[in-house]
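Source file: protein11.cif (mmCIF, C-alpha atoms and all ligand atoms)
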data_input
loop_
_atom_site.label_atom_id
_atom_site.label_comp_id
_atom_site.auth_asym_id
_atom_site.auth_seq_id
_atom_site.Cartn_x
_atom_site.Cartn_y
_atom_site.Cartn_z
CA ILE A 921 109.88 72.45 41.00
CA GLY A 922 107.46 71.68 38.22
CA ALA A 923 104.35 70.84 40.18
CA GLY A 924 103.25 74.25 41.52
CA PRO A 925 100.61 76.57 40.10
CA VAL A 926 103.20 78.88 38.47
CA SER A 927 104.64 76.12 36.31
CA THR A 928 101.13 75.02 35.38
CA VAL A 929 100.37 78.52 34.12
CA ILE A 930 103.65 78.65 32.16
CA ASN A 931 103.09 75.21 30.63
CA GLU A 932 99.60 76.19 29.54
CA ALA A 933 100.99 79.40 28.05
CA VAL A 934 103.63 77.52 26.08
CA ARG A 935 101.10 74.99 24.80
CA ASP A 936 98.72 77.76 23.80
CA ALA A 937 101.50 79.74 22.05
CA ASP A 938 101.79 76.96 19.45
CA VAL A 939 98.21 77.46 18.34
CA LEU A 940 97.90 81.22 18.68
CA PRO A 941 96.82 83.08 15.53
CA GLU A 942 99.28 85.37 13.71
CA ARG A 943 97.58 88.54 14.97
CA ILE A 944 98.58 87.58 18.51
CA LYS A 945 101.98 86.12 17.63
CA HIS A 946 103.22 89.29 15.92
CA PHE A 947 101.49 91.77 18.26
CA PRO A 948 103.97 94.25 19.76
CA PHE A 949 102.88 93.90 23.38
CA PRO A 950 104.33 97.00 25.05
CA PHE A 951 104.50 96.18 28.76
CA SER A 952 107.44 94.43 30.36
CA GLY A 953 106.11 94.71 33.92
CA ASP A 954 103.17 95.89 35.97
CA ILE A 955 103.93 99.63 35.87
CA TYR A 956 104.00 101.99 32.88
CA ARG A 957 105.45 105.49 32.79
CA TYR A 958 106.43 107.74 29.88
CA SER A 959 110.03 107.57 28.77
CA ALA A 960 112.02 108.25 25.60
CA ASN A 961 112.23 104.44 25.09
CA VAL A 962 114.09 104.55 21.77
CA GLU A 963 116.03 101.60 20.36
CA PRO A 964 117.56 100.71 16.99
CA SER A 965 115.01 99.57 14.42
CA ARG A 966 114.74 96.07 12.91
CA LYS A 967 115.81 94.33 16.11
CA GLU A 968 113.43 91.44 16.67
CA VAL A 969 111.78 91.38 20.10
CA SER A 970 110.55 88.07 21.52
CA THR A 971 107.30 88.07 23.45
CA GLU A 972 105.43 85.40 25.39
CA ALA A 973 103.36 84.80 22.24
CA GLY A 974 105.90 85.18 19.42
CA ALA A 975 107.99 88.07 18.11
CA TRP A 976 107.76 91.49 16.41
CA GLY A 977 110.00 94.17 15.01
CA GLY A 978 112.35 92.29 12.66
CA ARG A 979 111.46 94.66 9.80
CA LEU A 980 111.05 98.37 9.20
CA LEU A 981 107.80 97.83 7.28
CA HIS A 982 105.31 95.09 7.99
CA ILE A 983 102.62 93.85 5.64
CA ASP A 984 100.02 91.93 7.63
CA GLU A 985 96.58 90.42 7.05
CA HIS A 986 94.96 93.87 7.30
CA TYR A 987 97.04 95.40 4.48
CA LEU A 988 94.33 95.85 1.86
CA ALA A 989 91.57 96.72 4.34
CA GLU A 990 93.67 99.37 6.11
CA LEU A 991 94.78 100.99 2.85
CA LYS A 992 91.16 101.09 1.70
CA ASP A 993 90.28 102.70 5.03
CA ARG A 994 93.04 105.32 4.52
CA ASP A 995 91.85 106.05 1.01
CA GLU A 996 88.27 106.58 2.20
CA VAL A 997 89.41 108.88 5.01
CA LEU A 998 91.42 110.99 2.55
CA GLU A 999 88.48 111.18 0.13
CA ARG A 1000 86.24 112.38 2.97
CA ASP A 1001 88.79 114.68 4.54
CA PRO A 1002 91.77 115.82 2.44
CA SER A 1003 93.13 117.82 5.41
CA ARG A 1004 94.66 114.59 6.76
CA LEU A 1005 97.39 115.10 4.18
CA GLN A 1006 99.56 118.18 4.59
CA VAL A 1007 102.72 119.20 2.73
CA LEU A 1008 104.19 122.67 3.27
CA PRO A 1009 105.92 123.59 -0.02
CA HIS A 1010 109.50 123.29 1.27
CA MET A 1011 108.83 119.63 2.25
CA ARG A 1012 108.28 118.34 -1.30
CA PRO A 1013 111.89 117.06 -1.58
CA ALA A 1014 111.50 115.24 1.75
CA VAL A 1015 108.45 113.40 0.42
CA TRP A 1016 110.42 112.21 -2.61
CA ASP A 1017 113.26 111.27 -0.30
CA ALA A 1018 110.82 109.11 1.68
CA ILE A 1019 109.53 107.45 -1.48
CA CYS A 1020 113.10 106.59 -2.53
CA THR A 1021 113.85 105.26 0.96
CA LEU A 1022 110.71 103.33 1.87
CA LEU A 1023 109.71 101.69 -1.43
CA PRO A 1024 113.14 100.01 -1.88
CA ALA A 1025 113.06 99.00 1.79
CA LEU A 1026 109.64 97.37 1.32
CA ALA A 1027 110.89 95.62 -1.84
CA GLU A 1028 113.90 94.30 0.06
CA GLU A 1029 111.73 92.99 2.89
CA TYR A 1030 109.00 91.53 0.63
CA PRO A 1031 110.75 90.58 -2.66
CA ASP A 1032 107.96 88.14 -3.63
CA THR A 1033 105.28 90.78 -3.25
CA VAL A 1034 106.66 94.15 -4.42
CA SER A 1035 109.59 95.35 -6.54
CA PHE A 1036 111.36 98.66 -7.09
CA THR A 1037 113.80 99.49 -9.87
CA ARG A 1038 115.41 102.81 -10.66
CA GLU A 1039 117.43 104.13 -13.60
CA GLY A 1040 118.45 107.72 -13.10
CA ASP A 1041 115.26 109.39 -11.88
CA LEU A 1042 112.92 106.97 -13.63
CA CYS A 1043 111.43 104.43 -11.22
CA ARG A 1044 109.21 101.41 -11.65
CA TRP A 1045 107.12 100.07 -8.79
CA ARG A 1046 105.18 96.84 -8.89
CA ASN A 1047 102.87 95.64 -6.14
CA SER A 1048 101.26 92.25 -6.69
CA LEU A 1049 98.83 92.67 -3.77
CA GLN A 1050 97.30 95.68 -5.54
CA ASN A 1051 97.86 94.52 -9.12
CA LEU A 1052 99.87 97.66 -9.60
CA ASP A 1053 102.65 98.43 -12.09
CA VAL A 1054 103.55 102.10 -12.16
CA GLU A 1055 106.37 104.28 -13.48
CA PHE A 1056 107.25 107.69 -12.09
CA THR A 1057 110.03 110.25 -12.14
CA VAL A 1058 111.69 111.29 -8.90
CA GLY A 1059 110.98 114.97 -8.22
CA ASP A 1060 108.17 115.24 -10.77
CA ASP A 1061 104.90 115.44 -8.78
CA SER A 1062 102.80 115.14 -11.95
CA SER A 1063 104.26 111.68 -12.64
CA LEU A 1064 102.12 110.29 -9.79
CA PRO A 1065 98.57 111.43 -10.51
CA MET A 1066 97.32 111.16 -6.93
CA GLY A 1067 100.41 113.12 -5.74
CA PRO A 1068 103.59 111.64 -4.25
CA LEU A 1069 102.61 111.57 -0.56
CA ARG A 1070 99.17 110.11 -1.16
CA PHE A 1071 100.81 107.49 -3.38
CA LEU A 1072 103.33 106.56 -0.69
CA GLY A 1073 100.50 106.39 1.85
CA SER A 1074 98.64 103.99 -0.45
CA GLN A 1075 101.51 101.46 -0.35
CA ILE A 1076 102.31 101.11 3.35
CA GLN A 1077 100.10 100.81 6.42
CA ASP A 1078 102.08 103.39 8.44
CA ASP A 1079 100.99 106.99 8.93
CA LEU A 1080 103.82 109.37 8.02
CA VAL A 1081 104.95 112.64 9.59
CA PHE A 1082 107.83 114.79 8.27
CA LEU A 1083 109.88 117.08 10.49
CA ASP A 1084 112.01 119.88 9.11
CA HIS A 1085 115.22 120.65 11.02
CA ARG A 1086 115.90 124.40 11.21
CA GLN A 1087 116.68 127.08 13.82
CA ASP A 1088 117.90 124.35 16.17
CA ALA A 1089 114.41 122.83 16.37
CA LEU A 1090 112.17 120.29 14.61
CA TRP A 1091 108.98 121.45 12.85
CA LEU A 1092 106.07 119.22 11.86
CA ASP A 1093 105.78 120.46 8.28
CA ALA A 1094 104.19 117.57 6.37
CA GLY A 1095 102.36 114.30 6.89
CA VAL A 1096 99.69 111.87 5.88
CA VAL A 1097 97.94 110.77 9.07
CA THR A 1098 94.62 108.98 8.75
CA PHE A 1099 94.89 106.84 11.90
CA ALA A 1100 95.77 109.39 14.58
CA ALA A 1101 95.07 108.40 18.19
CA ASP A 1102 93.15 111.52 19.29
CA TRP A 1103 95.16 114.27 17.56
CA SER A 1104 95.08 116.03 14.20
CA VAL A 1105 97.78 116.55 11.60
CA GLY A 1106 95.79 119.45 10.10
CA PHE A 1107 95.92 121.20 13.49
CA ASP A 1108 99.58 120.37 14.22
CA VAL A 1109 101.10 121.20 10.82
CA GLY A 1110 103.60 124.05 11.09
CA MET A 1111 104.14 123.49 14.84
CA LYS A 1112 107.42 122.83 16.59
CA PHE A 1113 108.08 119.38 18.09
CA LEU A 1114 107.79 120.83 21.62
CA GLU A 1115 104.48 122.54 20.80
CA VAL A 1116 103.08 119.31 19.33
CA HIS A 1117 103.73 117.61 22.68
CA HIS A 1118 102.30 120.47 24.74
CA PRO A 1119 99.08 118.57 25.72
CA VAL A 1120 100.99 115.54 27.05
CA PRO A 1121 101.20 115.51 30.89
CA ARG A 1122 104.51 115.01 32.73
CA VAL A 1123 106.81 115.01 29.70
CA LYS A 1124 107.79 118.68 30.06
CA GLU A 1125 108.66 118.46 33.76
CA GLU A 1126 110.52 115.22 33.17
CA LYS A 1127 112.35 116.75 30.18
CA ILE A 1128 111.41 113.69 28.09
CA VAL A 1129 110.34 115.63 25.03
CA SER A 1130 113.25 118.07 24.99
CA ARG A 1131 115.68 115.16 25.31
CA ALA A 1132 113.82 113.32 22.54
CA GLU A 1133 114.12 116.37 20.30
CA GLN A 1134 117.88 116.61 20.96
CA PHE A 1135 118.19 112.92 20.12
CA LEU A 1136 116.24 113.31 16.89
CA MET A 1137 118.24 116.38 15.84
CA ARG A 1138 121.45 114.38 16.22
CA LEU A 1139 120.24 111.50 14.00
CA GLN A 1140 122.65 110.90 11.14
CA PRO A 1141 121.48 110.39 7.52
CA GLY A 1142 120.09 106.89 7.10
CA GLU A 1143 119.95 106.15 10.85
CA GLN A 1144 116.73 104.46 12.01
CA TYR A 1145 115.34 104.13 15.51
CA ARG A 1146 111.98 103.15 16.92
CA ARG A 1147 109.82 103.32 20.02
CA THR A 1148 106.34 102.14 21.02
CA ASN A 1149 103.38 104.00 22.41
CA TRP A 1150 99.97 102.66 23.46
CA THR A 1151 96.40 103.54 24.28
CA LEU A 1152 92.99 101.82 24.25
CA THR A 1153 90.51 102.01 21.39
CA ILE A 1154 86.89 100.87 21.28
CA ASP A 1155 86.18 98.60 18.30
CA ARG A 1156 88.65 97.98 15.48
CA ARG A 1157 88.68 101.67 14.59
CA LEU A 1158 91.91 103.10 13.26
CA ASP A 1159 90.61 106.58 12.52
CA THR A 1160 90.30 108.14 15.97
CA SER A 1161 91.45 111.53 14.76
CA THR A 1162 90.22 114.73 16.45
CA GLU A 1163 88.18 115.41 13.31
CA THR A 1164 86.01 112.33 13.85
CA TYR A 1165 85.70 112.79 17.65
CA PRO A 1166 81.86 112.80 17.57
CA ASN A 1167 81.91 109.33 15.97
CA TRP A 1168 83.93 107.58 18.67
CA ALA A 1169 84.26 109.61 21.86
CA HIS A 1170 80.82 108.77 23.29
CA ASP A 1171 81.64 105.03 23.39
CA ARG A 1172 84.19 105.84 26.09
CA MET A 1173 81.33 106.69 28.48
CA THR A 1174 79.37 103.46 27.94
CA ILE A 1175 81.95 100.72 27.33
CA ALA A 1176 82.54 100.02 31.06
CA ASP A 1177 79.00 98.60 31.39
CA ASP A 1178 78.94 96.86 28.02
CA PRO A 1179 79.05 93.04 28.37
CA ALA A 1180 80.90 93.01 25.04
CA LEU A 1181 83.84 94.97 26.57
CA PRO A 1182 86.46 92.18 26.10
CA ASP A 1183 85.65 91.96 22.38
CA ARG A 1184 85.13 95.67 21.72
CA LEU A 1185 87.98 97.13 23.74
CA HIS A 1186 91.37 96.95 21.99
CA LEU A 1187 94.89 97.57 23.14
CA ARG A 1188 96.28 99.91 20.50
CA VAL A 1189 100.04 99.87 20.10
CA GLU A 1190 101.95 102.16 17.81
CA ILE A 1191 105.38 101.17 16.54
CA GLN A 1192 106.94 104.52 15.76
CA HIS A 1193 110.02 104.67 13.54
CA MET A 1194 112.29 107.69 13.30
CA ILE A 1195 114.57 108.04 10.28
CA ARG A 1196 116.85 110.83 9.12
CA LEU A 1197 116.17 110.94 5.39
CA PRO A 1198 119.46 110.84 3.50
CA HIS A 1199 119.08 113.64 0.91
CA SER A 1200 116.62 116.20 2.32
CA GLY A 1201 117.86 115.91 5.92
CA ALA A 1202 114.24 115.79 7.16
CA VAL A 1203 113.29 113.47 10.01
CA LEU A 1204 110.63 110.97 9.02
CA PHE A 1205 108.34 109.77 11.82
CA MET A 1206 106.35 106.64 10.94
CA ILE A 1207 103.42 105.45 13.03
CA ARG A 1208 102.17 101.92 12.54
CA SER A 1209 99.10 101.07 14.64
CA TYR A 1210 98.18 97.58 15.80
CA LEU A 1211 94.89 96.73 17.51
CA LEU A 1212 94.20 93.61 19.57
CA PRO A 1213 91.00 92.98 21.58
CA LEU A 1214 91.26 92.23 25.29
CA ARG A 1215 89.82 88.78 24.58
CA ASP A 1216 93.00 88.00 22.60
CA ILE A 1217 95.31 89.64 25.14
CA ALA A 1218 93.82 87.32 27.76
CA ARG A 1219 94.93 84.26 25.79
CA VAL A 1220 98.50 85.03 26.86
CA PRO A 1221 98.52 84.75 30.68
CA VAL A 1222 101.51 87.05 31.25
CA TRP A 1223 100.00 89.74 28.99
CA ARG A 1224 96.66 89.50 30.78
CA GLN A 1225 98.31 90.01 34.14
CA ASN A 1226 100.72 92.77 33.05
CA MET A 1227 98.07 94.78 31.26
CA GLY A 1228 95.51 94.32 34.02
CA ARG A 1229 97.98 95.64 36.60
CA VAL A 1230 99.27 98.49 34.39
CA LEU A 1231 95.71 99.75 33.86
CA ALA A 1232 94.93 99.56 37.57
CA GLU A 1233 98.11 101.40 38.59
CA LEU A 1234 98.29 104.08 35.86
CA PRO A 1235 98.18 107.57 37.45
CA ASP A 1236 94.95 109.51 36.81
CA ASP A 1237 96.59 112.30 34.80
CA MET A 1238 97.98 109.79 32.30
CA ALA A 1239 94.68 107.86 32.17
CA GLU A 1240 92.80 111.12 31.63
CA TYR A 1241 95.13 112.20 28.80
CA LYS A 1242 94.81 108.82 27.12
CA GLY A 1243 91.01 109.10 27.33
CA ILE A 1244 90.65 105.82 29.23
CA ILE A 1245 89.82 107.11 32.71
CA HIS A 1246 86.13 106.11 32.63
CA TYR A 1247 86.69 102.48 31.77
CA ARG A 1248 90.23 101.49 32.67
CA LYS A 1249 89.01 99.93 35.93
CA ALA A 1250 86.41 97.81 34.14
CA ALA A 1251 89.09 96.70 31.68
CA SER A 1252 91.57 95.95 34.44
CA ASP A 1253 88.98 94.04 36.50
CA TRP A 1254 88.04 91.89 33.51
CA LEU A 1255 91.67 91.11 32.68
CA LEU A 1256 92.63 90.25 36.24
CA SER A 1257 89.62 87.99 36.76
CA ALA A 1258 89.46 86.43 33.25
C1 LIG B 1301 102.23 112.05 21.99
C2 LIG B 1301 106.71 111.11 23.47
C3 LIG B 1301 108.34 111.48 18.95
C4 LIG B 1301 104.13 113.43 17.74
C5 LIG B 1301 103.28 111.65 22.74
C6 LIG B 1301 103.18 111.13 24.08
C7 LIG B 1301 104.43 110.89 24.49
C8 LIG B 1301 105.34 111.22 23.43
C9 LIG B 1301 104.86 110.34 25.84
C10 LIG B 1301 101.88 110.85 24.84
C11 LIG B 1301 101.36 109.53 24.34
C12 LIG B 1301 100.16 108.92 25.05
O1 LIG B 1301 99.99 109.01 26.27
O2 LIG B 1301 99.37 108.24 24.37
C13 LIG B 1301 107.54 111.10 22.37
C14 LIG B 1301 108.93 110.73 22.36
C15 LIG B 1301 109.38 110.82 21.08
C16 LIG B 1301 108.27 111.26 20.29
C17 LIG B 1301 109.71 110.32 23.61
C18 LIG B 1301 110.73 110.54 20.47
C19 LIG B 1301 111.67 109.84 21.05
C20 LIG B 1301 107.37 112.11 18.25
C21 LIG B 1301 107.52 112.62 16.92
C22 LIG B 1301 106.35 113.19 16.59
C23 LIG B 1301 105.44 113.02 17.70
C24 LIG B 1301 108.80 112.54 16.08
C25 LIG B 1301 106.07 113.90 15.31
C26 LIG B 1301 105.88 115.18 15.30
C27 LIG B 1301 103.26 113.20 18.78
C28 LIG B 1301 101.87 113.59 18.76
C29 LIG B 1301 101.31 113.20 19.97
C30 LIG B 1301 102.39 112.58 20.73
C31 LIG B 1301 101.15 114.28 17.60
C32 LIG B 1301 99.87 113.44 20.43
C33 LIG B 1301 99.82 114.81 21.05
C34 LIG B 1301 98.39 115.30 21.30
O3 LIG B 1301 97.70 114.75 22.17
O4 LIG B 1301 97.98 116.26 20.62
N1 LIG B 1301 104.60 111.67 22.36
N2 LIG B 1301 107.17 111.42 21.10
N3 LIG B 1301 106.10 112.37 18.70
N4 LIG B 1301 103.54 112.61 19.98
FE1 LIG B 1301 105.36 112.08 20.54
#
Let me see the structure of the file written as structure tokens.
Ligand code: HEM
Amino acid sequence: IGAGPVSTVINEAVRDADVLPERIKHFPFPFSGDIYRYSANVEPSRKEVSTEAGAWGGRLLHIDEHYLAELKDRDEVLERDPSRLQVLPHMRPAVWDAICTLLPALAEEYPDTVSFTREGDLCRWRNSLQNLDVEFTVGDDSSLPMGPLRFLGSQIQDDLVFLDHRQDALWLDAGVVTFAADWSVGFDVGMKFLEVHHPVPRVKEEKIVSRAEQFLMRLQPGEQYRRTNWTLTIDRRLDTSTETYPNWAHDRMTIADDPALPDRLHLRVEIQHMIRLPHSGAVLFMIRSYLLPLRDIARVPVWRQNMGRVLAELPDDMAEYKGIIHYRKAASDWLLSA
């Protein structure tokens, strides 16, 4: 033991892990084997997961090196297209509930960077990364000039979706979603959870989505769970919403033959948190998207092999739905031969 090719690979991986950049060390690599299928895959939040390169998931909210750039990106998307923010009138209390849940959570996790204080309904929020010092009154929309949901979306990198719980179902009734992976919050607002998932193959037959809805409807106030989802994205482009389809969809037809594929093609992983908000009773669904180019994935030998095999094995209906069918073989071939 110790002299064979397997141990050589592992030793190289361990040596390399010491010098890997942060973006790889904290990347939430989603595959634990060579096969991927849909599942409800929920687990309690804030449980740190070790990977071959480092670890992720110790916090609810994560400020990384892209914080300012991603929030600028969100702001520009909302300026161009205000329909990415939707709040049906009965969801206003849920938005305030989210502000009073997430800002203190961020302050607890990053006390040197942001702070939140509250006396009665008067709150003060300071954010040293944005040079921001702002006071507002809980429940008073006019106390935050840009509006409460846009303000919350300007402080954290996650997209936010709010689900109302009524008539024994969940309804997508509010959200600020600028970084959707090929869907649209403007289209989905007002829909039931099951309707939102209608385009997804397999999940109806396998009862995954109905079980997920039952699980979410049973969440108790304050409870927090999470899951991951993944797809592939060409270039470091967070806004792949249906609205901008003409800007990005064509690349999917040409990337397979592009010599720059390993640098342009990114594994996109969403860490999705699900929280029952304590006062409004709404379910908050948070989507935080991470992008890592294949070139970086390949620096971790186990990741390279797992992802290469997952892409090769993925059934066509899932590859088609994810929009990767035209180039998943090229990606898999590169990973397995890199
Ligand atoms: C897509 C499952 C929670 C909104 C999907 C997909 C799966 C899934 C398997 C397909 C993903 C892909 O192939 O890339 C689940 C499960 C959940 C959950 C198991 C909870 C345990 C939620 C919540 C929302 C949501 C709370 C908020 C309403 C969406 C949307 C899509 C999606 C908008 C894209 C649908 C489209 O193509 O139009 N979900 N999901 N999901 N999910 Fe969920």
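Nearest to ligand LIG 1301 (chain B) of all the residues A:Gly1142, A:Pro1024, A:Pro1182, A:Pro964 is A:Pro964, counting all atoms listed in the file.
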Next on the checklist: Give me, as a list of chain:residue names, the set of residues whose atoms come within 7 Å of any atom of ligand LIG 1301 (chain B), counting all atoms listed in the file.
Outcome noted: A:Tyr958, A:Ser959, A:Ala960, A:Asn961, A:Val962, A:Val1081, A:Leu1083, A:Leu1092, A:Asp1102, A:Trp1103, A:Phe1113, A:Val1116, A:His1117, A:Pro1119, A:Val1120, A:Val1123, A:Ile1128, A:Val1129, A:Ala1132, A:Glu1133, A:Arg1147, A:Asn1149, A:Trp1150, A:Thr1151, A:Met1194, A:Phe1205, A:Met1238, A:Tyr1241, A:Lys1242
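Straight-line separation from CA of Gln1050 (chain A) to CA of Gly1073 (chain A): 13.4 Å.
Atom to atom, CA of Leu1214 (chain A) and CA of Ser1257 (chain A) stand 12.3 Å apart.
Distance annotation: of A:Ala1180, A:Val1105, A:Ala1025, A:Leu1234, the residue with the minimal separation from Arg979 (chain A) is A:Ala1025; atom set is only C-alpha atoms.
You will find CA of Ile1076 (chain A) at 15.4 Å from CA of Asp1017 (chain A).
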Which residues of region 1112-1182 of chain A sit at most 12 Å from region 990-1005 of chain A, using only C-alpha atoms? Give each one's shortest atom pair and distance in Å (one decimal place), in chain and ascending residue order, as CSV.
residue,atom,partner,partner_atom,distance
A:Arg1156,CA,A:Glu990,CA,10.7
A:Arg1157,CA,A:Asp993,CA,9.7
A:Leu1158,CA,A:Glu990,CA,8.3
A:Asp1159,CA,A:Val997,CA,7.9
A:Thr1160,CA,A:Val997,CA,11.0
A:Ser1161,CA,A:Arg1004,CA,9.1
A:Thr1162,CA,A:Arg1004,CA,10.7
A:Glu1163,CA,A:Asp1001,CA,8.8
A:Thr1164,CA,A:Asp1001,CA,10.0
Using only C-alpha atoms, which residues sit within 7 Å of region 946-954 of chain A once same-chain residues fewer than 5 positions away are excluded, as a PDB file with C-alpha atoms, keeping the file's coordinate frame?
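Printed below is result18.pdb as written:
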ATOM      1  CA  GLY A 974     105.900  85.180  19.420  1.00  0.00           C
ATOM      2  CA  ALA A 975     107.990  88.070  18.110  1.00  0.00           C
ATOM      3  CA  TRP A 976     107.760  91.490  16.410  1.00  0.00           C
ATOM      4  CA  THR A1148     106.340 102.140  21.020  1.00  0.00           C
ATOM      5  CA  VAL A1189     100.040  99.870  20.100  1.00  0.00           C
ATOM      6  CA  ASN A1226     100.720  92.770  33.050  1.00  0.00           C
ATOM      7  CA  ARG A1229      97.980  95.640  36.600  1.00  0.00           C
ATOM      8  CA  VAL A1230      99.270  98.490  34.390  1.00  0.00           C
TER       9      VAL A1230
END
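Non-sequential neighbours of Tyr1030 (chain A) (distance at most 9 Å, separation of 5 or more positions within a chain, all atoms listed in the file) are A:His982, A:Ile983, A:Ala1025, A:Ser1035.
Using all atoms listed in the file, the nearest neighbour of Leu1042 (chain A) within the list A:Glu963, A:Glu1190, A:Asp1060, A:Glu1028 is A:Asp1060.
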Env of Leu1211 (chain A): 6 Å cut, atoms = all atoms listed in the file, seq-sep filter 6 positions within chain, self excluded. Answer as a PDB file with C-alpha atoms, in the frame of the given file.
ATOM      1  CA  HIS A1186      91.370  96.950  21.990  1.00  0.00           C
ATOM      2  CA  LEU A1187      94.890  97.570  23.140  1.00  0.00           C
ATOM      3  CA  ARG A1188      96.280  99.910  20.500  1.00  0.00           C
TER       4      ARG A1188
END
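Among A:Arg1219, A:Arg1172, A:Arg1196, A:His986, the residue with the shortest atom-to-atom distance to Ala1250 (chain A), counting all atoms listed in the file, is A:Arg1172.
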Item to check | Pick from A:Ile1207, A:Val1097, A:Ala1027, A:Val1109, whichever lies nearest to Ile1191 (chain A) using only C-alpha atoms | outcome: A:Ile1207
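Proximity of A:Ser1209, A:Leu1152, A:Thr1033, A:Ala1176 to Met1227 (chain A), computed with all atoms listed in the file, is greatest for A:Leu1152.
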Item to check | Point (105.4, 113.4, 5.0), cut-off 9 Å, counting only C-alpha atoms, residues as a VMD selection string | outcome: chain A and resid 1005 to 1007 1011 to 1012 1014 to 1015 1018 1069 1079 to 1083 1093 to 1097 1204 to 1205
Generate a file of the selected residues that holds C-alpha atoms, formatted as a CSV table (one decimal), in the coordinates of the input.
chain,number,residue,atom,x,y,z
A,1005,LEU,CA,97.4,115.1,4.2
A,1006,GLN,CA,99.6,118.2,4.6
A,1007,VAL,CA,102.7,119.2,2.7
A,1011,MET,CA,108.8,119.6,2.2
A,1012,ARG,CA,108.3,118.3,-1.3
A,1014,ALA,CA,111.5,115.2,1.8
A,1015,VAL,CA,108.4,113.4,0.4
A,1018,ALA,CA,110.8,109.1,1.7
A,1069,LEU,CA,102.6,111.6,-0.6
A,1079,ASP,CA,101.0,107.0,8.9
A,1080,LEU,CA,103.8,109.4,8.0
A,1081,VAL,CA,105.0,112.6,9.6
A,1082,PHE,CA,107.8,114.8,8.3
A,1083,LEU,CA,109.9,117.1,10.5
A,1093,ASP,CA,105.8,120.5,8.3
A,1094,ALA,CA,104.2,117.6,6.4
A,1095,GLY,CA,102.4,114.3,6.9
A,1096,VAL,CA,99.7,111.9,5.9
A,1097,VAL,CA,97.9,110.8,9.1
A,1204,LEU,CA,110.6,111.0,9.0
A,1205,PHE,CA,108.3,109.8,11.8
Next on the checklist: Can you pull out the residues contacting Leu1139 (chain A)? Cut-off 10 Å, using only C-alpha atoms, and skip same-chain residues under 4 positions away; I want them as a PyMOL selection string.
Outcome noted: chain A and resi 1134-1135+1143-1145+1194-1197+1201+1203
Item to check | Nearby residues (all atoms listed in the file) at most 9 Å from Asn1047 (chain A), same-chain spacing under 4 positions excluded, as a VMD selection string | outcome: chain A and resid 1033 to 1035 1051 to 1054 1075
